[in-house]
Structure formats: structure tokens, C-alpha cells
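Text of start-v7.cif (mmCIF, C-alpha atoms) as supplied:
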data_structure
loop_
_atom_site.label_atom_id
_atom_site.label_comp_id
_atom_site.auth_asym_id
_atom_site.auth_seq_id
_atom_site.Cartn_x
_atom_site.Cartn_y
_atom_site.Cartn_z
CA MET A 1271 1.60 -2.28 29.11
CA ILE A 1272 1.07 -1.42 25.43
CA PRO A 1273 0.31 -4.46 23.24
CA GLY A 1274 2.83 -4.87 20.42
CA PRO A 1275 2.06 -4.32 16.74
CA GLN A 1276 1.11 -7.26 14.53
CA SER A 1277 2.47 -5.86 11.30
CA LEU A 1278 5.56 -4.04 10.16
CA ILE A 1279 5.21 -2.16 6.90
CA ALA A 1280 8.72 -1.71 5.54
CA GLU A 1281 8.83 0.97 2.85
CA VAL A 1282 12.28 -0.08 1.71
CA THR A 1283 12.46 2.52 -1.06
CA HIS A 1284 10.36 5.26 -2.62
CA ARG A 1285 11.83 4.61 -6.06
CA CYS A 1286 9.27 3.17 -8.49
CA PRO A 1287 8.92 2.82 -12.26
CA LEU A 1288 5.19 3.63 -11.97
CA HIS A 1289 3.71 7.09 -11.40
CA CYS A 1290 0.25 6.16 -10.15
CA VAL A 1291 -2.01 9.13 -9.59
CA TYR A 1292 -3.17 7.73 -6.23
CA CYS A 1293 0.18 6.52 -4.87
CA SER A 1294 0.19 6.20 -1.07
CA ASN A 1295 3.72 7.55 -0.78
CA PRO A 1296 4.05 11.07 0.60
CA LEU A 1297 4.37 14.04 -1.75
CA GLU A 1298 7.92 14.54 -0.50
CA MET A 1299 9.73 11.29 -1.11
CA GLU A 1300 12.99 9.95 0.23
CA SER A 1301 15.98 9.74 -2.09
CA ARG A 1302 18.03 6.65 -2.78
CA GLN A 1303 20.94 8.10 -0.77
CA ALA A 1304 18.77 8.31 2.34
CA GLU A 1305 17.68 4.64 2.25
CA LEU A 1306 18.55 2.34 5.16
CA SER A 1307 21.17 -0.34 4.55
CA THR A 1308 20.51 -4.08 4.46
CA GLN A 1309 22.13 -4.39 7.89
CA VAL A 1310 19.91 -1.81 9.55
CA TRP A 1311 16.76 -3.29 8.03
CA SER A 1312 17.82 -6.74 9.23
CA ARG A 1313 18.17 -5.43 12.78
CA VAL A 1314 14.76 -3.74 12.52
CA PHE A 1315 13.17 -7.05 11.46
CA GLU A 1316 14.72 -8.80 14.48
CA GLU A 1317 13.47 -6.05 16.79
CA ALA A 1318 10.02 -6.22 15.21
CA ALA A 1319 9.74 -9.98 15.77
CA GLU A 1320 10.84 -9.48 19.37
CA LEU A 1321 8.13 -6.83 19.77
CA GLY A 1322 5.46 -9.32 18.64
CA VAL A 1323 5.18 -8.51 14.93
CA LEU A 1324 3.98 -11.48 12.85
CA HIS A 1325 3.73 -10.05 9.35
CA LEU A 1326 6.39 -8.16 7.44
CA HIS A 1327 5.12 -6.25 4.42
CA LEU A 1328 7.94 -5.35 2.06
CA THR A 1329 6.72 -2.42 0.05
CA GLY A 1330 7.85 0.85 -1.49
CA GLY A 1331 7.86 2.54 -3.96
CA GLU A 1332 8.78 -0.59 -5.80
CA PRO A 1333 10.74 -2.90 -3.46
CA LEU A 1334 12.30 -4.67 -6.45
CA ALA A 1335 14.17 -1.42 -7.13
CA ARG A 1336 16.46 -2.50 -4.28
CA HIS A 1337 19.13 -4.91 -5.44
CA ASP A 1338 19.38 -6.38 -1.94
CA LEU A 1339 15.69 -7.34 -1.78
CA THR A 1340 16.44 -11.07 -1.55
CA GLY A 1341 18.76 -10.33 1.39
CA LEU A 1342 16.03 -8.27 3.06
CA ALA A 1343 13.53 -11.09 2.52
CA ALA A 1344 15.94 -13.64 3.96
CA ALA A 1345 16.51 -11.42 7.00
CA GLY A 1346 12.77 -11.08 7.59
CA HIS A 1347 12.20 -14.80 7.21
CA GLY A 1348 15.18 -15.50 9.45
CA ALA A 1349 13.62 -13.31 12.13
CA GLY A 1350 10.56 -15.58 12.01
CA LEU A 1351 8.26 -13.13 10.21
CA TYR A 1352 5.58 -13.97 7.66
CA LEU A 1353 6.81 -12.40 4.46
CA ASN A 1354 4.61 -10.41 2.10
CA LEU A 1355 5.92 -8.61 -0.97
CA ILE A 1356 3.79 -5.76 -2.30
CA THR A 1357 4.90 -5.06 -5.83
CA SER A 1358 4.03 -3.59 -9.21
CA GLY A 1359 5.84 -6.58 -10.69
CA LEU A 1360 8.19 -4.39 -12.69
CA GLY A 1361 11.68 -5.71 -12.12
CA LEU A 1362 10.49 -9.23 -11.34
CA THR A 1363 12.32 -11.88 -13.38
CA PRO A 1364 12.22 -15.68 -13.18
CA GLN A 1365 15.56 -15.56 -11.38
CA ARG A 1366 14.45 -12.97 -8.83
CA ILE A 1367 11.21 -14.73 -7.95
CA ASP A 1368 13.18 -17.98 -7.59
CA GLU A 1369 15.51 -16.25 -5.15
CA LEU A 1370 12.69 -14.60 -3.21
CA VAL A 1371 10.76 -17.85 -2.81
CA GLY A 1372 14.00 -19.53 -1.78
CA ALA A 1373 14.48 -16.79 0.84
CA GLY A 1374 11.10 -17.66 2.37
CA LEU A 1375 8.53 -15.44 0.65
CA ASP A 1376 5.02 -16.45 1.78
CA HIS A 1377 2.74 -14.02 -0.04
CA LEU A 1378 2.98 -11.78 -3.08
CA GLN A 1379 0.63 -8.92 -3.83
CA LEU A 1380 0.66 -7.71 -7.42
CA SER A 1381 -0.92 -4.39 -8.25
CA LEU A 1382 -3.07 -4.01 -11.33
CA GLN A 1383 -4.48 -0.63 -12.27
CA ASP A 1384 -7.40 -1.81 -14.43
CA SER A 1385 -8.64 -4.67 -16.58
CA GLU A 1386 -8.00 -2.61 -19.71
CA ALA A 1387 -4.43 -1.90 -20.79
CA GLY A 1388 -4.92 1.65 -22.05
CA ALA A 1389 -6.78 2.82 -18.97
CA ALA A 1390 -4.35 1.02 -16.65
CA ASP A 1391 -1.34 2.61 -18.28
CA GLU A 1392 -2.91 6.06 -18.09
CA ILE A 1393 -3.28 5.70 -14.31
CA ALA A 1394 0.27 4.34 -13.94
CA GLY A 1395 1.74 7.02 -16.20
CA THR A 1396 3.72 4.33 -18.01
CA ARG A 1397 3.18 1.17 -20.05
CA ALA A 1398 3.11 -1.63 -17.52
CA HIS A 1399 -0.17 -3.52 -17.84
CA ALA A 1400 0.81 -6.13 -20.42
CA ARG A 1401 3.96 -6.96 -18.50
CA LYS A 1402 1.98 -7.41 -15.29
CA ILE A 1403 -0.44 -9.84 -16.94
CA ALA A 1404 2.49 -11.89 -18.22
CA LEU A 1405 4.07 -11.88 -14.76
CA ALA A 1406 0.87 -13.13 -13.13
CA GLY A 1407 1.33 -16.41 -14.99
CA LEU A 1408 4.89 -16.72 -13.74
CA ILE A 1409 3.95 -15.90 -10.14
CA ARG A 1410 1.12 -18.46 -10.14
CA ARG A 1411 3.59 -21.28 -10.74
CA TYR A 1412 5.10 -20.76 -7.28
CA PRO A 1413 3.66 -22.08 -4.00
CA LEU A 1414 2.82 -18.60 -2.72
CA ALA A 1415 -0.32 -16.89 -1.58
CA PHE A 1416 -1.03 -14.67 -4.59
CA THR A 1417 -3.13 -11.53 -4.22
CA LEU A 1418 -4.15 -9.12 -6.92
CA ASN A 1419 -4.60 -5.53 -5.69
CA VAL A 1420 -6.81 -3.29 -7.76
CA VAL A 1421 -7.46 0.27 -6.70
CA VAL A 1422 -10.87 1.39 -7.92
CA HIS A 1423 -12.22 4.86 -8.66
CA ARG A 1424 -14.51 6.73 -11.02
CA ARG A 1425 -12.58 5.67 -14.14
CA ASN A 1426 -12.62 1.91 -13.61
CA LEU A 1427 -15.38 1.08 -11.13
CA ASP A 1428 -17.83 0.35 -13.96
CA ARG A 1429 -15.41 -2.33 -15.19
CA LEU A 1430 -15.66 -4.26 -11.92
CA PRO A 1431 -17.14 -7.36 -13.66
CA ASP A 1432 -14.15 -7.40 -16.05
CA ILE A 1433 -11.72 -6.95 -13.16
CA LEU A 1434 -13.31 -9.89 -11.34
CA ALA A 1435 -13.20 -12.04 -14.47
CA LEU A 1436 -9.53 -11.19 -14.98
CA ALA A 1437 -8.69 -12.10 -11.38
CA GLU A 1438 -10.43 -15.46 -11.89
CA GLU A 1439 -8.58 -16.04 -15.14
CA LEU A 1440 -5.25 -15.30 -13.42
CA GLN A 1441 -6.20 -17.81 -10.68
CA VAL A 1442 -5.24 -15.61 -7.78
CA ASP A 1443 -5.96 -16.67 -4.20
CA ARG A 1444 -7.11 -13.23 -3.13
CA LEU A 1445 -8.41 -10.11 -4.80
CA GLU A 1446 -8.30 -6.79 -3.01
CA ILE A 1447 -10.65 -4.23 -4.49
CA ALA A 1448 -9.74 -1.03 -2.71
CA ASN A 1449 -11.40 2.27 -3.29
CA VAL A 1450 -8.93 5.14 -3.41
CA GLN A 1451 -8.08 6.67 -0.05
CA TYR A 1452 -7.49 10.39 -0.37
CA TYR A 1453 -4.06 11.30 0.95
CA GLY A 1454 -0.96 12.60 -0.78
CA TRP A 1455 -1.10 12.04 -4.53
CA ALA A 1456 -4.68 10.80 -4.48
CA LEU A 1457 -5.85 13.97 -2.74
CA GLN A 1458 -4.24 15.99 -5.54
CA ASN A 1459 -6.35 14.00 -8.01
CA ARG A 1460 -9.45 13.62 -5.88
CA ASP A 1461 -11.94 15.31 -8.15
CA ARG A 1462 -11.03 13.05 -11.06
CA LEU A 1463 -10.92 9.86 -9.00
CA MET A 1464 -14.00 10.17 -6.82
CA PRO A 1465 -16.67 7.67 -7.88
CA THR A 1466 -20.31 8.72 -8.08
CA ARG A 1467 -22.79 7.39 -5.56
CA GLU A 1468 -24.53 5.50 -8.39
CA GLN A 1469 -21.28 3.79 -9.36
CA LEU A 1470 -20.64 2.79 -5.79
CA GLU A 1471 -24.17 1.45 -5.34
CA ARG A 1472 -23.91 -0.61 -8.52
CA SER A 1473 -20.57 -2.07 -7.40
CA LEU A 1474 -21.68 -3.42 -4.02
CA PRO A 1475 -24.02 -6.24 -5.17
CA ILE A 1476 -21.46 -7.23 -7.84
CA VAL A 1477 -18.84 -7.69 -5.12
CA ARG A 1478 -21.25 -9.59 -2.86
CA GLU A 1479 -22.31 -11.96 -5.63
CA ALA A 1480 -18.69 -12.70 -6.52
CA GLN A 1481 -17.74 -13.23 -2.87
CA GLU A 1482 -20.47 -15.86 -2.53
CA ARG A 1483 -19.83 -17.53 -5.87
CA LEU A 1484 -16.06 -17.78 -5.36
CA ALA A 1485 -16.01 -18.67 -1.66
CA GLY A 1486 -13.39 -21.34 -1.00
CA ARG A 1487 -11.58 -20.54 -4.28
CA MET A 1488 -10.81 -16.84 -4.28
CA ARG A 1489 -11.17 -14.50 -1.34
CA ILE A 1490 -12.36 -11.01 -2.20
CA GLU A 1491 -11.66 -8.09 0.11
CA PHE A 1492 -13.45 -4.83 -0.55
CA VAL A 1493 -12.36 -1.48 0.85
CA ALA A 1494 -15.26 0.95 0.76
CA PRO A 1495 -14.75 4.64 0.00
CA ASP A 1496 -15.00 6.38 3.35
CA TYR A 1497 -16.26 9.64 1.83
CA TYR A 1498 -19.56 7.86 1.20
CA ALA A 1499 -19.68 6.17 4.59
CA ARG A 1500 -21.85 7.10 7.52
CA TYR A 1501 -19.07 6.48 10.01
CA PRO A 1502 -15.34 6.79 9.51
CA LYS A 1503 -12.96 3.90 9.08
CA ALA A 1504 -10.92 2.70 12.06
CA CYS A 1505 -7.82 3.85 10.23
CA MET A 1506 -4.94 1.33 10.59
CA GLY A 1507 -7.02 -0.29 13.36
CA GLY A 1508 -6.26 2.77 15.50
CA TRP A 1509 -3.19 4.95 15.97
CA GLY A 1510 -0.28 2.91 17.31
CA ARG A 1511 -2.39 -0.19 17.91
CA ASN A 1512 -1.66 -2.79 15.20
CA VAL A 1513 0.81 -1.42 12.70
CA ILE A 1514 4.22 0.19 12.62
CA LEU A 1515 5.58 1.57 9.37
CA VAL A 1516 9.22 2.37 8.73
CA ASN A 1517 9.94 4.65 5.79
CA PRO A 1518 13.00 4.39 3.50
CA ARG A 1519 15.15 6.65 5.68
CA GLY A 1520 14.19 4.82 8.87
CA GLU A 1521 11.55 7.04 10.43
CA ALA A 1522 8.94 4.95 12.26
CA LEU A 1523 5.35 6.05 11.64
CA PRO A 1524 1.89 4.84 12.67
CA CYS A 1525 0.71 4.97 9.03
CA HIS A 1526 1.69 5.96 5.49
CA ALA A 1527 0.57 9.56 5.79
CA ALA A 1528 1.37 10.54 9.38
CA LYS A 1529 4.15 12.96 8.41
CA VAL A 1530 1.50 15.45 7.26
CA ILE A 1531 0.59 16.08 10.90
CA PRO A 1532 2.58 19.06 12.18
CA GLY A 1533 4.26 19.04 15.56
CA LEU A 1534 5.01 15.31 15.68
CA CYS A 1535 8.59 14.08 15.78
CA PHE A 1536 8.99 10.62 14.29
CA THR A 1537 12.00 8.81 15.69
CA ASN A 1538 14.44 7.08 13.37
CA VAL A 1539 15.19 3.38 13.90
CA GLU A 1540 18.89 4.26 13.74
CA GLU A 1541 18.47 6.36 16.90
CA ARG A 1542 16.27 4.21 19.12
CA PRO A 1543 15.13 0.58 19.38
CA LEU A 1544 11.78 -0.21 17.81
CA ARG A 1545 10.35 -1.13 21.21
CA TRP A 1546 11.10 2.31 22.62
CA ILE A 1547 9.56 3.97 19.58
CA TRP A 1548 6.42 1.87 19.86
CA GLU A 1549 5.96 2.08 23.61
CA GLU A 1550 7.56 5.35 24.68
CA SER A 1551 7.83 7.79 21.80
CA PRO A 1552 5.54 10.84 22.08
CA ALA A 1553 4.44 10.50 18.44
CA PHE A 1554 3.10 6.95 18.87
CA ASN A 1555 1.39 7.92 22.13
CA ARG A 1556 -0.09 11.13 20.76
CA PHE A 1557 -3.43 9.63 19.63
CA ARG A 1558 -3.63 6.54 21.80
CA GLY A 1559 -6.51 6.40 24.27
CA GLU A 1560 -9.23 9.06 24.31
CA GLU A 1561 -7.72 12.07 26.06
CA TRP A 1562 -6.98 13.84 22.80
CA MET A 1563 -10.54 13.48 21.44
CA GLN A 1564 -12.93 16.35 20.85
CA GLU A 1565 -16.69 16.22 20.75
CA PRO A 1566 -18.62 14.51 19.27
CA CYS A 1567 -16.04 11.67 19.53
CA ARG A 1568 -15.35 12.11 23.24
CA SER A 1569 -18.87 11.09 24.28
CA CYS A 1570 -19.67 8.90 21.26
CA ASP A 1571 -20.50 5.21 21.73
CA ARG A 1572 -18.52 4.39 18.60
CA ARG A 1573 -15.22 5.82 19.83
CA HIS A 1574 -13.95 2.33 20.75
CA LEU A 1575 -14.85 1.05 17.30
CA ASP A 1576 -13.37 3.69 15.02
CA PHE A 1577 -11.16 5.76 17.35
CA GLY A 1578 -12.55 8.95 15.80
CA GLY A 1579 -11.50 7.88 12.29
CA CYS A 1580 -8.32 8.96 10.61
CA ARG A 1581 -6.05 11.59 12.19
CA CYS A 1582 -4.38 12.42 8.87
CA GLN A 1583 -7.72 12.92 7.14
CA ALA A 1584 -8.86 15.18 10.01
CA LEU A 1585 -5.72 17.26 9.49
CA LEU A 1586 -5.87 17.30 5.70
CA LEU A 1587 -9.56 18.21 5.48
CA ALA A 1588 -10.39 20.02 8.71
CA GLY A 1589 -6.91 21.39 9.45
CA ASP A 1590 -6.88 19.81 12.93
CA ALA A 1591 -5.53 16.32 13.64
CA THR A 1592 -7.59 16.07 16.84
CA ALA A 1593 -10.89 16.78 15.09
CA THR A 1594 -13.48 14.12 14.29
CA ASP A 1595 -12.67 12.62 10.89
CA PRO A 1596 -14.83 14.66 8.46
CA ALA A 1597 -15.89 11.37 6.81
CA CYS A 1598 -18.12 10.85 9.87
CA SER A 1599 -21.74 11.93 9.42
CA LEU A 1600 -21.60 13.33 12.98
CA ALA A 1601 -18.47 15.41 12.35
CA PRO A 1602 -18.68 19.22 12.35
CA GLY A 1603 -16.47 19.05 9.25
CA ARG A 1604 -18.71 16.66 7.29
CA GLY A 1605 -19.62 19.50 4.92
CA LEU A 1606 -16.05 19.42 3.60
CA VAL A 1607 -16.53 15.83 2.45
CA ASP A 1608 -19.97 16.50 0.99
CA ALA A 1609 -18.54 19.44 -0.94
CA ALA A 1610 -15.84 17.16 -2.37
CA LEU A 1611 -18.49 14.65 -3.43
CA GLY A 1612 -20.44 17.41 -5.13
CA ARG A 1613 -17.59 18.44 -7.41
CA ALA A 1614 -17.73 17.14 -10.98
CA GLU A 1615 -14.93 15.81 -13.16
CA GLY A 1616 -12.36 18.27 -11.86
CA PRO A 1617 -9.22 19.46 -13.61
CA ALA A 1618 -8.31 18.08 -17.00
CA GLU A 1619 -4.81 16.91 -16.12
CA TRP A 1620 -3.61 14.21 -13.76
CA VAL A 1621 -0.96 15.00 -11.18
CA TYR A 1622 1.48 12.13 -11.59
CA ARG A 1623 3.68 10.81 -8.82
CA ILE A 1624 7.27 11.97 -9.28
CA ASP A 1625 10.06 9.47 -8.75
CA PRO A 1626 12.67 10.48 -6.14
CA ILE A 1627 16.25 11.00 -7.24
CA MET B 580 -19.10 -22.76 0.95
CA SER B 581 -18.73 -26.52 1.09
CA ARG B 582 -18.77 -29.25 3.66
CA PRO B 583 -16.05 -31.91 3.52
CA THR B 584 -17.09 -35.45 2.53
CA PRO B 585 -15.28 -38.53 3.89
CA HIS B 586 -13.09 -38.58 0.75
CA THR B 587 -12.22 -34.88 0.84
CA VAL B 588 -8.48 -34.27 1.12
CA PRO B 589 -7.95 -30.91 2.80
CA ARG B 590 -4.69 -29.06 2.35
CA LEU B 591 -3.48 -25.68 3.54
CA ALA B 592 -3.81 -23.02 0.84
CA PRO B 593 -0.59 -21.51 -0.57
CA GLY B 594 0.95 -19.03 1.82
CA CYS B 595 -0.74 -20.51 4.90
CA ARG B 596 1.53 -22.19 7.43
CA VAL B 597 1.78 -23.13 11.09
CA ALA B 598 4.35 -21.19 13.10
CA ASP B 599 5.67 -22.87 16.20
CA ASN B 600 7.28 -20.49 18.64
CA PRO B 601 8.63 -22.13 21.76
CA GLY B 602 6.61 -21.13 24.82
CA GLN B 603 3.88 -19.47 22.71
CA PRO B 604 0.60 -20.86 21.35
CA ALA B 605 0.99 -22.19 17.80
CA LEU B 606 -0.25 -19.82 15.12
CA LEU B 607 -1.67 -20.47 11.70
CA LEU B 608 -0.18 -17.65 9.68
CA VAL B 609 -2.22 -16.60 6.65
CA PRO B 610 -2.11 -13.60 4.33
CA GLU B 611 -3.09 -10.53 6.37
CA GLY B 612 -3.82 -12.47 9.54
CA ALA B 613 -3.14 -15.23 12.03
CA LEU B 614 -5.28 -17.78 13.86
CA LYS B 615 -4.31 -18.90 17.32
CA LEU B 616 -4.36 -22.69 17.45
CA THR B 617 -5.31 -24.21 20.77
CA GLY B 618 -6.25 -27.73 21.82
CA SER B 619 -8.51 -29.32 19.25
CA SER B 620 -7.90 -26.75 16.50
CA LEU B 621 -4.17 -27.51 16.67
CA SER B 622 -4.92 -31.24 16.60
CA ILE B 623 -6.98 -30.77 13.43
CA VAL B 624 -4.67 -28.37 11.62
CA SER B 625 -1.56 -30.44 12.33
CA ARG B 626 -3.23 -33.35 10.48
CA ILE B 627 -3.97 -31.32 7.34
CA ASP B 628 -1.21 -32.45 5.01
CA GLY B 629 -2.82 -32.80 1.59
CA VAL B 630 -2.64 -36.60 1.94
CA ARG B 631 -4.99 -37.60 4.75
CA THR B 632 -8.69 -37.69 3.89
CA PHE B 633 -11.33 -36.11 6.08
CA ALA B 634 -12.35 -39.60 7.24
CA GLN B 635 -8.77 -40.43 8.24
CA ILE B 636 -8.36 -37.17 10.13
CA VAL B 637 -11.59 -37.76 12.02
CA GLU B 638 -10.58 -41.32 12.84
CA GLN B 639 -7.26 -40.14 14.30
CA LEU B 640 -8.97 -37.41 16.32
CA GLN B 641 -11.49 -39.90 17.69
CA ALA B 642 -8.56 -42.05 18.82
CA GLU B 643 -6.80 -39.04 20.37
CA PHE B 644 -9.90 -37.81 22.18
CA ALA B 645 -11.26 -41.23 23.14
CA GLY B 646 -13.37 -39.83 25.98
CA MET B 647 -15.41 -37.61 23.66
CA ASP B 648 -18.49 -38.39 21.61
CA PRO B 649 -17.16 -39.57 18.19
CA ALA B 650 -20.10 -38.02 16.33
CA ALA B 651 -19.45 -34.65 17.98
CA ILE B 652 -15.78 -34.84 16.95
CA GLU B 653 -16.76 -35.49 13.35
CA GLU B 654 -19.28 -32.66 13.39
CA GLN B 655 -16.88 -30.14 14.96
CA THR B 656 -14.07 -31.09 12.60
CA ALA B 657 -16.33 -30.68 9.57
CA ALA B 658 -17.55 -27.31 10.81
CA PHE B 659 -14.01 -26.09 11.51
CA LEU B 660 -12.74 -27.19 8.09
CA GLU B 661 -15.72 -25.58 6.43
CA LYS B 662 -14.87 -22.32 8.18
CA LEU B 663 -11.23 -22.52 7.14
CA SER B 664 -12.30 -23.27 3.57
CA ALA B 665 -14.60 -20.25 3.51
CA ARG B 666 -11.66 -18.12 4.66
CA SER B 667 -9.53 -19.60 1.84
CA VAL B 668 -7.10 -20.98 4.40
CA VAL B 669 -7.86 -24.60 3.49
CA ARG B 670 -8.56 -26.03 0.05
CA PHE B 671 -10.54 -29.20 -0.59
CA ALA B 672 -9.47 -31.76 -3.19
#
In C-alpha cells, write the structure found in this file.
Amino acid sequence: MIPGPQSLIAEVTHRCPLHCVYCSNPLEMESRQAELSTQVWSRVFEEAAELGVLHLHLTGGEPLARHDLTGLAAAGHGAGLYLNLITSGLGLTPQRIDELVGAGLDHLQLSLQDSEAGAADEIAGTRAHARKIALAGLIRRYPLAFTLNVVVHRRNLDRLPDILALAEELQVDRLEIANVQYYGWALQNRDRLMPTREQLERSLPIVREAQERLAGRMRIEFVAPDYYARYPKACMGGWGRNVILVNPRGEALPCHAAKVIPGLCFTNVEERPLRWIWEESPAFNRFRGEEWMQEPCRSCDRRHLDFGGCRCQALLLAGDATATDPACSLAPGRGLVDAALGRAEGPAEWVYRIDPI
Amino acid sequence: MSRPTPHTVPRLAPGCRVADNPGQPALLLVPEGALKLTGSSLSIVSRIDGVRTFAQIVEQLQAEFAGMDPAAIEEQTAAFLEKLSARSVVRFA
């Protein structure tokens, strides 16, 4: 008996007005023509609830790029799911937020690239910051959980005190400070995004102080950069354990990046029920349990804690999805991560995310 | 981190709500998580309405669990609310 997932990440589109240099979407994005219909998504939400999913994360790309987003939200709410919208804010109007709240939206996560407009807009590849700040005031007027998501890296980590002050000023309920994770677009820009060890060390006490000072008012989540960690992250809480992601064309994946792993066939929700995909499909079973592990994971006491780290990172860095995540200090491939940390500023140009057609 | 006083009026933070699924334990759904509500925790959370004071909630719980030590009920309720407040699930007014 395989326990069901708790969360469904619904990438309802890859279209987005932003071009962030660390976007979590794959390098090859799905076109508008390939996107699932409202009806198919609605069925997927019903199947997810039946499978035990509690939280539905509507994300993209920019989910507001879909004109049927209110219908999708209503379908998710109708299925009994807790509804979270992850958005850049672009495309949000007073009328649309009214409709979304009316459809049952519980939580809204607004991305912000920086506390400084110029730097934020450089990362996003478009002018968006001022609009986002204005939208934060609008969003706060609704009875929603309101989270601000700020991805941090070499260019903005020194402005952490300003970012915290801005989050306080915007009166958000939660602030997610997430160091860049290096997949897809972010991996292309890794040398320019990677913080220094000194930056990271300066940031930690600042986060801790703010967490204590703001306890009970604003919750602060901090995602550490795994390249600097001693042990790897338990990516997605383990392969096929907590999360199922469905991409715009309907392929069900264990995480955002899993399509980089060769030899796996990800079943489309139009072909099979979600329960079959979760419980029976070879791709979801591929890295469950421990049979697939190599040493040092196979005999490591931490294998139940971190499941060997991230399979996609093992593939991307070490060229083998069954290898120990090179972020682990015990991994044979750790030198690959150390080499990446040793590289300076890197190339002069950003690689911007390209919008699908 | 703060402890409720008798006059504290706890309320669920925005985006936190109790989900009642027939045949399943009640869940307190919160951003990025869920808390299973059983027995006394359900009794406490179901009385958090932004109107009742801490003292009123405790009084009702002491009536509901008449066989239990009233001081222990007050202490456990305060500790539970403090924990929920620290998690930003409950706000104090």
C-alpha cells in the first residue's frame, strides 16, 4: 500500500510575462496548444482529492495567463482541496482577485525578485516590480493567507534586511526566502547566481533574528542553498512520497525537473487515472524504496532522512540519476559541487527564460 | 512567542480553516500543511471564533471535560494556543 500524496502541483501553463533567470520550468516548455482543458483539470482535481491530496497549488508559468483560472480554482475548491495560487501578480486585477476569492482561494503566494526595483526587473527580464508592490496592497485587503516568495542569490542576498523590512511593510502572513535551486534555467545561470560562503553566513543570523522577532505575526521560511550543505536536501520529501506534479500538457511528474532523467516515461493524466500513475506507474516507482541506491547511500544511516538527495541533481551534475546527490559531503561527486562554488562571477550575460508560443 | 491572557481573543489566521470530511479525522488546513485534530485539540480549535476570549474557551472546556483537573485544562489550552500562535495559525487580539 503506497500512501497517497498530500499536494498536487498543477502547472496549468508555461506561459509567463516574466523571464526570470532561475525559473523552475524546464528548458523545453509546453505550448499553449498543448495545455489541458478546464474539464480535464477538473477531473484531475477530483481524482487528486480521492487519492488523499489536501493542497492544490495552482502554478505555471503564470497561472493568470489562463482565462479559465477562476473555473479551475472553483473546480479545485469543489473537490475539497485547499487552494493556493502561486503567481507573479501580473494579470491580477481587482475583478480577478474578487472572482478567485469567491471561487474559494485560501492562499496566495506573490513572487518578488528583490527589494530594489532595478535589480528585481533585471532578474525578471521585464519591468514588473512596481506593479507587484501595488498589487500587494490589493491582495492584503482580502481574507487570504498571503505569502511573499523571494528567491535569493549572490545579487540580492546582501539586501536581506531590506527584503525583510519590505515584507513587514506589506504585512504578509508568510515570507519564503528561498535560495536558488540549480535546475533548468538556474543551472544555466549558476555562476552568476551562486552566493559566496560569506554572504550565506551573514544571512543566517539575520533570518534567525527576524524569525524570533516576528513570531506570531509573520512566519519566515528559509530554504538553504544545498551546494553549501553537508548533507543533501530530502528533495520533494522523497521521490513519489508527498507530491505529484502535473505539467501543462498533462504529464504527471514527481517534481518540476524530473523530465531531465532519461529512460523514464511519464504517463499523461489523459491516458490513465491519477491513482494508477501514483501507485503503479514505473516512473513513480523508479526511486521509491532503497533498491536503486548506490554506495555510500545504500549503507548510510541518513538514507531514511534524505533518500540520497535529489535524483535530478545527481543526473544533472554526476550524469547518473542513481548516484548520491553530489551536494552530499559523502558523495563521490562532491568535487563537482565544490568546483561550481569555486567559480567566480561567470559569464557576463544572463540566460533569460523564453516564453513558449 | 506569547501566552494568551484571560482577555485574549484568539482567531484563526487568514487562510487557516477546519476541514470536516465525513468518516475522517478533522483537519486544520493551513498554508503548506495540515494538523490532524483529535479529541481535545478539536474541542479547542472549534471554539476559536474571534469572539470568545481565552477565559470563555477554558470555561467551556472545563464544563465539557468535567472529570479533568480544571487547572490542567487551562494550562494545556494555553500551551496549545501558544504553539498555534508561534506557527502563525492563530492570531491573538
- request: Given the file shown, determine the residues that the PyMOL selection byres ((chain B) within 7 of (chain A)) selects; report them as a list in words.
  value: Met580, Pro593, Gly594, Pro610, Ser664, Ala665, Arg666, Ser667 and Arg670 of chain B
Contact residues around B:Glu661 with only C-alpha atoms at 8 Å, ignoring same-chain residues under 2 positions, as a PyMOL selection string: chain B and resi 580-583+657-659+663-665
- request: Run the PyMOL selection byres ((chain A and resi 1336) around 12) mentally over the shown coordinates, then write out the matched residues as an MDAnalysis selection string, using the chain letters and numbers from the document.
  value: chainID A and resid 1281:1286 1302 1305:1308 1328:1335 1337:1343 1357 1360:1362 1366 1518
task: For atom CA of A:Thr1396 and atom CA of A:Leu1288, quote the distance in Å rounded to one decimal.
output: 6.3 Å
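Restricting the calculation to all atoms listed in the file, the smallest distance between B:Ala598 and any of B:Val668, B:Leu621, B:Ala634, B:Ile627 is found for B:Leu621.
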Closest of A:Asp1428, A:Glu1438, A:Gln1451, A:Lys1503 to A:Glu1468 - atom-to-atom distances counting all atoms listed in the file: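 Looking only at the distances to A:Glu1468, the closest residue turns out to be A:Asp1428.
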Test item: residues at most 7 Å from stretch 586-589 of chain B, all atoms listed in the file, excluding those fewer than 6 positions along its chain, as an mmCIF file with C-alpha atoms, in the coordinates of the input:
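Written out: out06.cif:
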data_model
loop_
_atom_site.group_PDB
_atom_site.id
_atom_site.type_symbol
_atom_site.label_atom_id
_atom_site.label_comp_id
_atom_site.auth_asym_id
_atom_site.auth_seq_id
_atom_site.Cartn_x
_atom_site.Cartn_y
_atom_site.Cartn_z
ATOM 1 C CA ILE B 627 -3.970 -31.320 7.340
ATOM 2 C CA GLY B 629 -2.820 -32.800 1.590
ATOM 3 C CA VAL B 630 -2.640 -36.600 1.940
ATOM 4 C CA ARG B 631 -4.990 -37.600 4.750
ATOM 5 C CA THR B 632 -8.690 -37.690 3.890
ATOM 6 C CA PHE B 633 -11.330 -36.110 6.080
ATOM 7 C CA ALA B 634 -12.350 -39.600 7.240
ATOM 8 C CA VAL B 669 -7.860 -24.600 3.490
ATOM 9 C CA ARG B 670 -8.560 -26.030 0.050
ATOM 10 C CA PHE B 671 -10.540 -29.200 -0.590
ATOM 11 C CA ALA B 672 -9.470 -31.760 -3.190
#
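Distance cut-off 12 Å, centre (8.9, -20.4, 19.5), atoms counted all atoms listed in the file; the residues meeting this are Ala1319, Glu1320, Gly1322, Ala1349, Gly1350 and Leu1351 of chain A; Val597, Ala598, Asp599, Asn600, Pro601, Gly602, Gln603, Pro604, Ala605 and Leu606 of chain B.
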- request: Check what the PyMOL selection byres ((chain A and resi 1596) around 9) selects in the file above and give those residues as a list in words.
  value: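 That selection, the PyMOL selection byres ((chain A and resi 1596) around 9), comes back as Tyr1497, Pro1502, Gly1579, Cys1580, Gln1583, Ala1584, Leu1587, Ala1588, Ala1593, Thr1594, Asp1595, Ala1597, Cys1598, Ser1599, Leu1600, Ala1601, Pro1602, Gly1603, Arg1604, Gly1605, Leu1606 and Val1607 of chain A.
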message: Given only C-alpha atoms as the basis, pick out the residue of B:Lys662, B:Pro585, B:Ala650, B:Cys595 nearest to B:Ser620.
response: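 The closest residue to B:Ser620 is B:Lys662.
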